[in-house]
Amino acid sequence: MNAESDGRRGAAEAGPQVATGDDAPEKEPVWGSRAPRFIKRSRPLHLSWQVGVFIVGLGVVALGVILLPLPGPGWLVIFAGMAIWATEFVWAQLVLAWTKRKVTEAAHRALDPKVRRRNLILTTIAVVICAVAVSAYVWKFGVVMPWKIEQ
């Protein structure tokens, strides 16, 4: 968590290019701490700030991991925790930039007509198979409710 050794200078020069879909030059992202200037001036205060940001981000990410198997926005909460970390740490900024690039690429691939047609065909086949399986089960065993309505 050392602010001087997090490689801000090297990361700014070798930073990832964000895919936007057009050829317009993208404004270079700002790497490093976004803490207020008065906090950055004092090393102990800045270190305390970083520890606090890390703990808050860790709590949000842990909540997201807990929400993954439960009904709730688990991945959204995890990315919110990463965004909290990205306000202070270059590694989190790089992870978020990579994630944004991959999500943008996946969105562009999903909009490709060939991919959409393939996904529609596979979904239709899966629905037909499920409908046949359910129909065969109901035909063989009937519809039996787990409770007794007659009594």
# chains A, B, ... in the order shown; residues from 1 in each chain; ligands from 1
$ residues_around --residues "stretch 70-87 of chain A" --least-positions-apart "3" --cutoff "7 Å" --atoms "only C-alpha atoms" --output "list in words"
Ser33, Arg34, Val53, Phe54, Gly57, Leu58, Val60, Val61, Gly64, Val65, Leu67, Val90, Ala92 and Gln93 of chain A
$ select_by_dssp --residues "stretch 25-150 of chain A" --states "alpha helix (DSSP H)" --output "count of residues only"
93
$ closest_atom_pairs --of "stretch 43-109 of chain A" --to "stretch 113-120 of chain A" --cutoff "12 Å" --atoms "only C-alpha atoms" --output "Markdown table"
| residue | atom | partner | partner_atom | distance |
| --- | --- | --- | --- | --- |
| A:Ala106 | CA | A:Val115 | CA | 10.9 |
| A:Ala107 | CA | A:Val115 | CA | 11.0 |
| A:His108 | CA | A:Val115 | CA | 10.2 |
| A:Arg109 | CA | A:Val115 | CA | 7.1 |
$ write_last_selection --atoms "all heavy atoms" --output "PDB file, in the first residue's frame"
ATOM      1  N   ALA A 106     -17.342  -8.005 -25.628  1.00  0.00           N
ATOM      2  CA  ALA A 106     -18.407  -9.017 -25.591  1.00  0.00           C
ATOM      3  C   ALA A 106     -19.729  -8.433 -26.083  1.00  0.00           C
ATOM      4  O   ALA A 106     -20.495  -9.113 -26.780  1.00  0.00           O
ATOM      5  CB  ALA A 106     -18.563  -9.565 -24.174  1.00  0.00           C
ATOM      6  N   ALA A 107     -19.997  -7.182 -25.749  1.00  0.00           N
ATOM      7  CA  ALA A 107     -21.231  -6.547 -26.216  1.00  0.00           C
ATOM      8  C   ALA A 107     -21.215  -6.390 -27.731  1.00  0.00           C
ATOM      9  O   ALA A 107     -22.231  -6.626 -28.394  1.00  0.00           O
ATOM     10  CB  ALA A 107     -21.402  -5.187 -25.543  1.00  0.00           C
ATOM     11  N   HIS A 108     -20.070  -6.015 -28.284  1.00  0.00           N
ATOM     12  CA  HIS A 108     -19.968  -5.887 -29.741  1.00  0.00           C
ATOM     13  C   HIS A 108     -20.105  -7.246 -30.423  1.00  0.00           C
ATOM     14  O   HIS A 108     -20.743  -7.350 -31.478  1.00  0.00           O
ATOM     15  CB  HIS A 108     -18.648  -5.220 -30.138  1.00  0.00           C
ATOM     16  CG  HIS A 108     -18.622  -3.749 -29.862  1.00  0.00           C
ATOM     17  ND1 HIS A 108     -19.523  -2.877 -30.410  1.00  0.00           N
ATOM     18  CD2 HIS A 108     -17.808  -3.007 -29.083  1.00  0.00           C
ATOM     19  CE1 HIS A 108     -19.267  -1.656 -29.984  1.00  0.00           C
ATOM     20  NE2 HIS A 108     -18.230  -1.707 -29.174  1.00  0.00           N
ATOM     21  N   ARG A 109     -19.507  -8.279 -29.817  1.00  0.00           N
ATOM     22  CA  ARG A 109     -19.646  -9.627 -30.388  1.00  0.00           C
ATOM     23  C   ARG A 109     -21.089 -10.104 -30.316  1.00  0.00           C
ATOM     24  O   ARG A 109     -21.573 -10.764 -31.234  1.00  0.00           O
ATOM     25  CB  ARG A 109     -18.751 -10.614 -29.636  1.00  0.00           C
ATOM     26  CG  ARG A 109     -17.345 -10.666 -30.151  1.00  0.00           C
ATOM     27  CD  ARG A 109     -16.614 -11.893 -29.646  1.00  0.00           C
ATOM     28  NE  ARG A 109     -16.767 -12.137 -28.226  1.00  0.00           N
ATOM     29  CZ  ARG A 109     -15.940 -11.718 -27.285  1.00  0.00           C
ATOM     30  NH1 ARG A 109     -14.877 -11.033 -27.618  1.00  0.00           N
ATOM     31  NH2 ARG A 109     -16.157 -11.992 -26.023  1.00  0.00           N
TER      32      ARG A 109
END
